[in-house]
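work23.csv follows; it contains CSV, C-alpha atoms.
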```csv
chain,number,residue,atom,x,y,z
U,1362,MET,CA,-26.1,11.5,19.0
U,1363,GLY,CA,-26.3,7.7,18.5
U,1364,ILE,CA,-24.8,5.0,20.7
U,1365,THR,CA,-21.3,5.1,22.2
U,1366,VAL,CA,-19.7,2.0,23.8
U,1367,LYS,CA,-16.6,2.6,26.0
U,1368,ASN,CA,-14.3,-0.1,27.3
U,1369,LEU,CA,-17.3,-2.5,27.7
U,1370,CYS,CA,-16.7,-5.8,29.5
U,1371,PHE,CA,-19.3,-8.3,30.7
U,1372,THR,CA,-19.3,-11.6,32.4
U,1373,TYR,CA,-22.5,-13.5,33.0
U,1374,HIS,CA,-23.4,-14.4,36.6
U,1375,GLY,CA,-21.9,-17.7,37.6
U,1376,SER,CA,-19.2,-17.6,34.9
U,1377,SER,CA,-15.6,-16.5,34.9
U,1378,LYS,CA,-15.3,-15.9,31.2
U,1379,LYS,CA,-15.6,-12.4,29.8
U,1380,VAL,CA,-18.2,-12.6,27.0
U,1381,LEU,CA,-17.4,-9.0,26.0
U,1382,ASP,CA,-13.8,-7.8,26.6
U,1383,GLY,CA,-12.9,-4.1,26.1
U,1384,VAL,CA,-15.4,-3.2,23.4
U,1385,ASN,CA,-15.3,0.3,22.0
U,1386,LEU,CA,-17.8,1.3,19.4
U,1387,LYS,CA,-19.7,4.3,18.0
U,1388,ILE,CA,-23.0,3.8,16.2
U,1389,GLU,CA,-24.1,6.8,14.3
U,1390,ASP,CA,-27.7,7.8,13.7
U,1391,GLY,CA,-28.9,6.3,10.4
U,1392,ASP,CA,-26.3,3.5,10.3
U,1393,PHE,CA,-27.1,0.0,8.9
U,1394,ILE,CA,-24.7,-2.3,10.6
U,1395,GLY,CA,-24.3,-6.0,10.2
U,1396,VAL,CA,-22.7,-7.9,13.1
U,1397,VAL,CA,-20.8,-11.2,12.4
U,1398,GLY,CA,-18.6,-13.5,14.2
U,1399,PRO,CA,-18.2,-17.2,15.3
U,1400,THR,CA,-20.8,-18.8,17.6
U,1401,GLY,CA,-20.3,-17.6,21.2
U,1402,SER,CA,-18.2,-14.6,20.2
U,1403,GLY,CA,-20.5,-12.1,22.1
U,1404,LYS,CA,-22.7,-10.8,19.3
U,1405,THR,CA,-26.1,-11.3,21.1
U,1406,THR,CA,-24.6,-10.1,24.4
U,1407,LEU,CA,-23.6,-6.9,22.7
U,1408,LEU,CA,-27.1,-6.3,21.5
U,1409,TYR,CA,-28.4,-6.8,25.1
U,1410,CYS,CA,-25.9,-4.2,26.3
U,1411,LEU,CA,-27.0,-1.7,23.6
U,1412,ASN,CA,-30.6,-1.6,24.8
U,1413,GLY,CA,-29.9,-1.9,28.5
U,1414,LEU,CA,-31.1,-5.4,29.1
U,1415,ILE,CA,-27.6,-5.9,30.4
U,1416,PRO,CA,-27.0,-4.9,33.2
U,1417,ASN,CA,-30.5,-3.7,34.2
U,1418,SER,CA,-32.3,-7.0,33.7
U,1419,ILE,CA,-29.6,-9.6,33.0
U,1420,LYS,CA,-27.1,-9.6,35.8
U,1421,GLY,CA,-23.4,-10.2,35.7
U,1422,LYS,CA,-20.1,-8.3,36.1
U,1423,PHE,CA,-20.5,-5.2,33.9
U,1424,TYR,CA,-17.7,-2.7,33.3
U,1425,GLY,CA,-17.4,0.3,31.1
U,1426,GLU,CA,-20.1,2.4,29.7
U,1427,VAL,CA,-22.9,2.3,27.1
U,1428,LEU,CA,-24.3,5.8,26.2
U,1429,VAL,CA,-27.6,6.2,24.3
U,1430,ASP,CA,-27.9,9.8,23.1
U,1431,GLY,CA,-25.3,10.7,25.7
U,1432,VAL,CA,-27.1,9.0,28.6
U,1433,PRO,CA,-25.6,5.9,30.4
U,1434,THR,CA,-27.9,2.8,30.1
U,1435,THR,CA,-27.2,2.1,33.8
U,1436,SER,CA,-29.1,5.3,34.7
U,1437,CYS,CA,-32.2,4.5,32.7
U,1438,LYS,CA,-35.0,2.0,33.1
U,1439,VAL,CA,-35.2,-0.7,30.4
U,1440,SER,CA,-38.8,0.6,29.7
U,1441,ALA,CA,-37.5,4.1,29.0
U,1442,LEU,CA,-34.7,2.7,26.8
U,1443,ALA,CA,-37.2,0.7,24.8
U,1444,LYS,CA,-38.5,4.0,23.4
U,1445,LYS,CA,-35.1,4.7,22.0
U,1446,VAL,CA,-33.6,1.3,21.3
U,1447,GLY,CA,-35.9,-1.6,20.3
U,1448,ILE,CA,-34.9,-5.2,20.0
U,1449,VAL,CA,-36.2,-8.1,17.9
U,1450,PHE,CA,-35.2,-11.6,19.0
U,1451,GLN,CA,-34.4,-14.6,17.0
U,1452,ASP,CA,-37.4,-16.8,17.6
U,1453,PRO,CA,-40.8,-15.1,17.3
U,1454,ASP,CA,-42.7,-18.1,18.8
U,1455,TRP,CA,-41.6,-17.3,22.3
U,1456,GLN,CA,-42.2,-13.6,22.0
U,1457,LEU,CA,-45.8,-13.6,21.1
U,1458,PHE,CA,-48.5,-14.2,23.7
U,1459,SER,CA,-51.6,-12.0,23.0
U,1460,VAL,CA,-54.9,-13.1,21.7
U,1461,THR,CA,-54.9,-10.9,18.6
U,1462,VAL,CA,-52.4,-9.2,16.4
U,1463,LYS,CA,-53.5,-5.7,17.4
U,1464,ASP,CA,-53.3,-6.6,21.1
U,1465,GLU,CA,-49.8,-7.9,20.6
U,1466,VAL,CA,-48.6,-4.6,19.1
U,1467,ALA,CA,-50.6,-2.5,21.6
U,1468,PHE,CA,-49.2,-4.4,24.7
U,1469,GLY,CA,-45.9,-2.5,25.0
U,1470,LEU,CA,-47.5,0.8,24.2
U,1471,LYS,CA,-50.1,0.4,26.9
U,1472,ASN,CA,-47.6,-0.9,29.4
U,1473,LEU,CA,-45.5,2.2,28.9
U,1474,ARG,CA,-48.6,4.4,28.9
U,1475,MET,CA,-47.8,5.9,25.5
U,1476,ASN,CA,-50.2,8.0,23.6
U,1477,ARG,CA,-52.0,7.4,20.3
U,1478,VAL,CA,-52.1,3.6,20.8
U,1479,GLU,CA,-54.6,2.7,18.2
U,1480,GLU,CA,-53.0,5.0,15.6
U,1481,ARG,CA,-49.5,3.6,16.3
U,1482,VAL,CA,-50.8,0.0,16.1
U,1483,ARG,CA,-52.5,0.8,12.7
U,1484,GLU,CA,-49.4,2.5,11.3
U,1485,ALA,CA,-47.0,-0.2,12.5
U,1486,LEU,CA,-49.1,-3.0,11.0
U,1487,LYS,CA,-49.3,-1.2,7.7
U,1488,THR,CA,-45.5,-0.6,7.7
U,1489,VAL,CA,-44.8,-4.4,8.0
U,1490,GLY,CA,-47.5,-5.5,5.6
U,1491,LEU,CA,-49.9,-6.9,8.2
U,1492,GLU,CA,-52.8,-4.5,7.6
U,1493,GLY,CA,-56.0,-6.5,7.7
U,1494,PHE,CA,-54.6,-9.0,10.2
U,1495,GLU,CA,-55.6,-6.9,13.3
U,1496,ASP,CA,-58.0,-9.6,14.7
U,1497,ALA,CA,-56.0,-12.6,13.7
U,1498,GLU,CA,-54.5,-14.9,16.3
U,1499,PRO,CA,-50.7,-14.6,16.3
U,1500,TYR,CA,-50.1,-18.3,16.6
U,1501,ARG,CA,-52.0,-18.9,13.4
U,1502,LEU,CA,-49.7,-16.6,11.3
U,1503,SER,CA,-47.0,-18.0,9.1
U,1504,GLN,CA,-43.5,-17.9,10.4
U,1505,GLY,CA,-42.7,-14.9,8.2
U,1506,GLN,CA,-45.8,-13.1,9.4
U,1507,LYS,CA,-44.9,-13.8,13.0
U,1508,GLN,CA,-41.5,-12.2,12.6
U,1509,MET,CA,-43.1,-9.2,10.9
U,1510,LEU,CA,-45.4,-8.9,13.9
U,1511,CYS,CA,-42.5,-8.9,16.2
U,1512,ILE,CA,-40.9,-6.1,14.2
U,1513,ALA,CA,-44.3,-4.2,14.2
U,1514,CYS,CA,-44.2,-4.4,18.0
U,1515,VAL,CA,-40.9,-2.6,18.0
U,1516,VAL,CA,-41.8,-0.1,15.2
U,1517,ALA,CA,-44.9,0.9,17.1
U,1518,MET,CA,-42.7,2.2,19.9
U,1519,GLN,CA,-41.0,4.5,17.4
U,1520,PRO,CA,-37.4,4.0,18.6
U,1521,LYS,CA,-34.6,5.6,16.7
U,1522,THR,CA,-32.6,2.4,16.8
U,1523,ILE,CA,-33.7,-1.2,16.0
U,1524,LEU,CA,-31.6,-4.2,17.0
U,1525,LEU,CA,-32.2,-7.6,15.5
U,1526,ASP,CA,-30.7,-11.0,16.5
U,1527,GLU,CA,-30.6,-13.3,13.5
U,1528,PRO,CA,-34.2,-12.3,12.6
U,1529,THR,CA,-34.4,-14.6,9.5
U,1530,SER,CA,-32.7,-17.7,10.8
U,1531,ASN,CA,-36.0,-19.6,10.7
U,1532,LEU,CA,-37.4,-18.1,7.5
U,1533,ASP,CA,-37.4,-19.2,3.9
U,1534,TYR,CA,-35.8,-17.1,1.1
U,1535,LYS,CA,-39.0,-15.1,0.3
U,1536,ASN,CA,-39.7,-14.1,3.8
U,1537,THR,CA,-36.0,-13.4,4.5
U,1538,LYS,CA,-36.0,-10.9,1.6
U,1539,ASN,CA,-39.2,-9.4,2.8
U,1540,VAL,CA,-37.7,-8.7,6.3
U,1541,TYR,CA,-34.5,-7.2,4.9
U,1542,GLY,CA,-36.5,-5.2,2.4
U,1543,LEU,CA,-38.5,-3.7,5.3
U,1544,LEU,CA,-35.3,-3.0,7.2
U,1545,ARG,CA,-33.9,-1.2,4.2
U,1546,ARG,CA,-37.0,1.0,4.0
U,1547,LEU,CA,-37.0,1.7,7.7
U,1548,ASN,CA,-33.3,2.8,7.3
U,1549,ARG,CA,-33.5,4.8,4.1
U,1550,GLU,CA,-37.0,6.3,4.3
U,1551,GLU,CA,-37.5,6.7,8.0
U,1552,GLY,CA,-33.9,7.2,9.1
U,1553,LYS,CA,-33.9,4.3,11.6
U,1554,THR,CA,-30.6,3.0,12.8
U,1555,ILE,CA,-30.4,-0.8,12.1
U,1556,VAL,CA,-28.0,-3.1,13.9
U,1557,VAL,CA,-28.5,-6.8,12.9
U,1558,VAL,CA,-26.7,-9.9,14.0
U,1559,GLU,CA,-26.6,-12.2,10.9
U,1560,HIS,CA,-24.8,-15.3,9.8
U,1561,ASP,CA,-25.7,-14.9,6.2
U,1562,THR,CA,-23.0,-12.6,4.9
U,1563,ASP,CA,-24.6,-12.5,1.4
U,1564,LEU,CA,-27.6,-10.7,2.9
U,1565,LEU,CA,-25.3,-8.2,4.7
U,1566,ALA,CA,-23.3,-7.6,1.5
U,1567,GLU,CA,-26.6,-6.6,-0.1
U,1568,TYR,CA,-28.3,-4.6,2.6
U,1569,ALA,CA,-25.8,-3.4,5.2
U,1570,GLU,CA,-23.5,-0.5,4.9
U,1571,LYS,CA,-21.1,-1.2,7.7
U,1572,ILE,CA,-19.9,-4.5,9.2
U,1573,LEU,CA,-18.7,-5.3,12.7
U,1574,VAL,CA,-16.7,-8.5,13.3
U,1575,ILE,CA,-16.5,-9.9,16.8
U,1576,ASN,CA,-14.4,-12.7,18.1
U,1577,ASP,CA,-13.8,-13.8,21.7
U,1578,GLY,CA,-15.7,-10.7,22.9
U,1579,LYS,CA,-13.5,-8.3,21.1
U,1580,ILE,CA,-14.1,-6.2,18.0
U,1581,VAL,CA,-11.5,-7.4,15.4
U,1582,LYS,CA,-12.8,-5.4,12.4
U,1583,ASN,CA,-15.1,-2.5,12.1
U,1584,GLY,CA,-15.6,-0.6,8.8
U,1585,SER,CA,-17.5,-0.4,5.6
U,1586,LYS,CA,-18.7,-3.6,4.0
U,1587,GLU,CA,-16.3,-3.1,1.2
U,1588,GLU,CA,-13.4,-2.9,3.6
U,1589,VAL,CA,-14.4,-5.8,5.8
U,1590,PHE,CA,-15.6,-8.3,3.2
U,1591,SER,CA,-12.4,-7.7,1.2
U,1592,ASP,CA,-10.3,-9.0,4.2
U,1593,CYS,CA,-10.7,-12.6,3.1
U,1594,ARG,CA,-7.9,-13.9,5.3
U,1595,LEU,CA,-9.6,-12.6,8.5
U,1596,LEU,CA,-13.0,-14.0,7.5
U,1597,GLU,CA,-11.6,-17.4,6.6
U,1598,ASN,CA,-9.6,-17.6,9.9
U,1599,LEU,CA,-12.8,-17.0,11.8
U,1600,GLY,CA,-14.9,-19.3,9.8
U,1601,ILE,CA,-17.1,-16.5,8.4
U,1602,LYS,CA,-18.4,-17.1,4.9
U,1603,ILE,CA,-17.0,-14.6,2.3
U,1604,PRO,CA,-20.0,-13.2,0.4
U,1605,ARG,CA,-20.4,-14.2,-3.2
U,1606,GLY,CA,-18.6,-11.8,-5.5
U,1607,TRP,CA,-16.0,-10.7,-2.9
U,1608,PHE,CA,-13.3,-13.3,-3.6
```
Rewritten as structure tokens:
Amino acid sequence: MGITVKNLCFTYHGSSKKVLDGVNLKIEDGDFIGVVGPTGSGKTTLLYCLNGLIPNSIKGKFYGEVLVDGVPTTSCKVSALAKKVGIVFQDPDWQLFSVTVKDEVAFGLKNLRMNRVEERVREALKTVGLEGFEDAEPYRLSQGQKQMLCIACVVAMQPKTILLDEPTSNLDYKNTKNVYGLLRRLNREEGKTIVVVEHDTDLLAEYAEKILVINDGKIVKNGSKEEVFSDCRLLENLGIKIPRGWF
């Protein structure tokens, strides 16, 4: 059934500015969507709404509705939503805290009392290419490996949808391509829905199928990457880089 957003508005506690203002959106199962927009346009806030962190954990004025498989996020616990919609944050260094890699992946599974913990950990580490690193200390991993470990923690939960907030902003070219190659495999081979906030439009032109453009908390363009990236005037006005080959 996917995710449906209806007339979504959100203002953070202590602020008077709407960070999201009347957002309507339908995310279909199996989509690979890139989210772009100027700094402060509401991209990250939208992700937090899609997995229920807003308004269940992050408070503010929340209006409208976000439905995950037809169920409002306001009627679900974040822990229950994590089984359906996982999220990978921008900086892996403040997400990792366990003594070993395998403990890191197992933490969420054990916390939610999920079954087949060891099997899920093993499968997730194999999926992201960290097989053999089970007993390694997370802080000793390379930056690329740390981000793969964060993705493994989400993959182990086996959600249908994976949200990522600029997951390669601190990575070099090789590790960036590794992350996006993994996202493509998860999307095409396992049917995962991928929604990624990304500033590098060249990456999105290569890997995403749909593009969502946000400005001032509003969706100003939503369509196929061909349709969106061909609208050069819109992208230039918003200061969004036009991908190579789309001039």
Excluding U:Lys1582 and residues on its chain fewer than 6 positions from it, collect all residues at most 8 Å away from it, counting all atoms listed in the file, and give them as a tab-separated table (two decimals) with C-alpha atoms, in the coordinates of the input.
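Okay, around_2.tsv is ready:
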```tsv
chain	number	residue	atom	x	y	z
U	1572	ILE	CA	-19.90	-4.50	9.20
U	1573	LEU	CA	-18.70	-5.30	12.70
U	1574	VAL	CA	-16.70	-8.50	13.30
U	1575	ILE	CA	-16.50	-9.90	16.80
U	1589	VAL	CA	-14.40	-5.80	5.80
```
Find the residues near stretch 1497-1505 of chain U: any atom within 7 Å, counting all atoms listed in the file, skip ones fewer than 5 places away on the same chain, and give them as a list in words.
Leu1457, Val1460, Thr1461, Val1462, Leu1532 and Asn1536 of chain U
Here is a test: counting only C-alpha atoms, which residue of U:Lys1579, U:Lys1378, U:Lys1438, U:Arg1549 is nearest to U:Lys1404?
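When distances to U:Lys1404 are compared using only C-alpha atoms, the smallest one comes from U:Lys1579.
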Option closest in space to U:Val1557, from U:Asp1382, U:Asp1430, U:Glu1587, U:Asp1526 [counting all atoms listed in the file]:
U:Asp1526
Between atom CA of U:Ile1601 and atom CA of U:His1560, what is the distance in Å, rounded to a tenth?
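We find that atom CA of U:Ile1601 and atom CA of U:His1560 lie 7.9 Å from each other.
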From the list U:Thr1522, U:Asn1476, U:Thr1406, U:Gln1508, which residue is nearest U:Gln1456 when using only C-alpha atoms?
U:Gln1508
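Taking atom CA of U:Leu1486 and atom CA of U:Arg1546 as endpoints, the distance between them is 14.5 Å.
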What does the distance from atom CA of U:Gly1398 to atom CA of U:Ile1512 come to in Å, to one decimal?
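Interatomic distance, atom CA of U:Gly1398 to atom CA of U:Ile1512: 23.5 Å.
Taking only C-alpha atoms into account, U:Asp1452 lies nearest to U:Cys1511 out of the set U:Met1475, U:Cys1511, U:Leu1470, U:Leu1564.
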What would the list of residues within 9 Å of (-28.5, -7.5, 3.7) (file frame) look like as a PyMOL selection string, if only C-alpha atoms are what count?
chain U and resi 1395+1538+1541-1542+1544-1545+1559+1561-1570
Output file for the selection above: C-alpha atoms, as a PDB file, in the frame of the given file:
```
ATOM      1  CA  GLY U1395     -24.300  -6.000  10.200  1.00  0.00           C
ATOM      2  CA  LYS U1538     -36.000 -10.900   1.600  1.00  0.00           C
ATOM      3  CA  TYR U1541     -34.500  -7.200   4.900  1.00  0.00           C
ATOM      4  CA  GLY U1542     -36.500  -5.200   2.400  1.00  0.00           C
ATOM      5  CA  LEU U1544     -35.300  -3.000   7.200  1.00  0.00           C
ATOM      6  CA  ARG U1545     -33.900  -1.200   4.200  1.00  0.00           C
ATOM      7  CA  GLU U1559     -26.600 -12.200  10.900  1.00  0.00           C
ATOM      8  CA  ASP U1561     -25.700 -14.900   6.200  1.00  0.00           C
ATOM      9  CA  THR U1562     -23.000 -12.600   4.900  1.00  0.00           C
ATOM     10  CA  ASP U1563     -24.600 -12.500   1.400  1.00  0.00           C
ATOM     11  CA  LEU U1564     -27.600 -10.700   2.900  1.00  0.00           C
ATOM     12  CA  LEU U1565     -25.300  -8.200   4.700  1.00  0.00           C
ATOM     13  CA  ALA U1566     -23.300  -7.600   1.500  1.00  0.00           C
ATOM     14  CA  GLU U1567     -26.600  -6.600  -0.100  1.00  0.00           C
ATOM     15  CA  TYR U1568     -28.300  -4.600   2.600  1.00  0.00           C
ATOM     16  CA  ALA U1569     -25.800  -3.400   5.200  1.00  0.00           C
ATOM     17  CA  GLU U1570     -23.500  -0.500   4.900  1.00  0.00           C
TER      18      GLU U1570
END
```
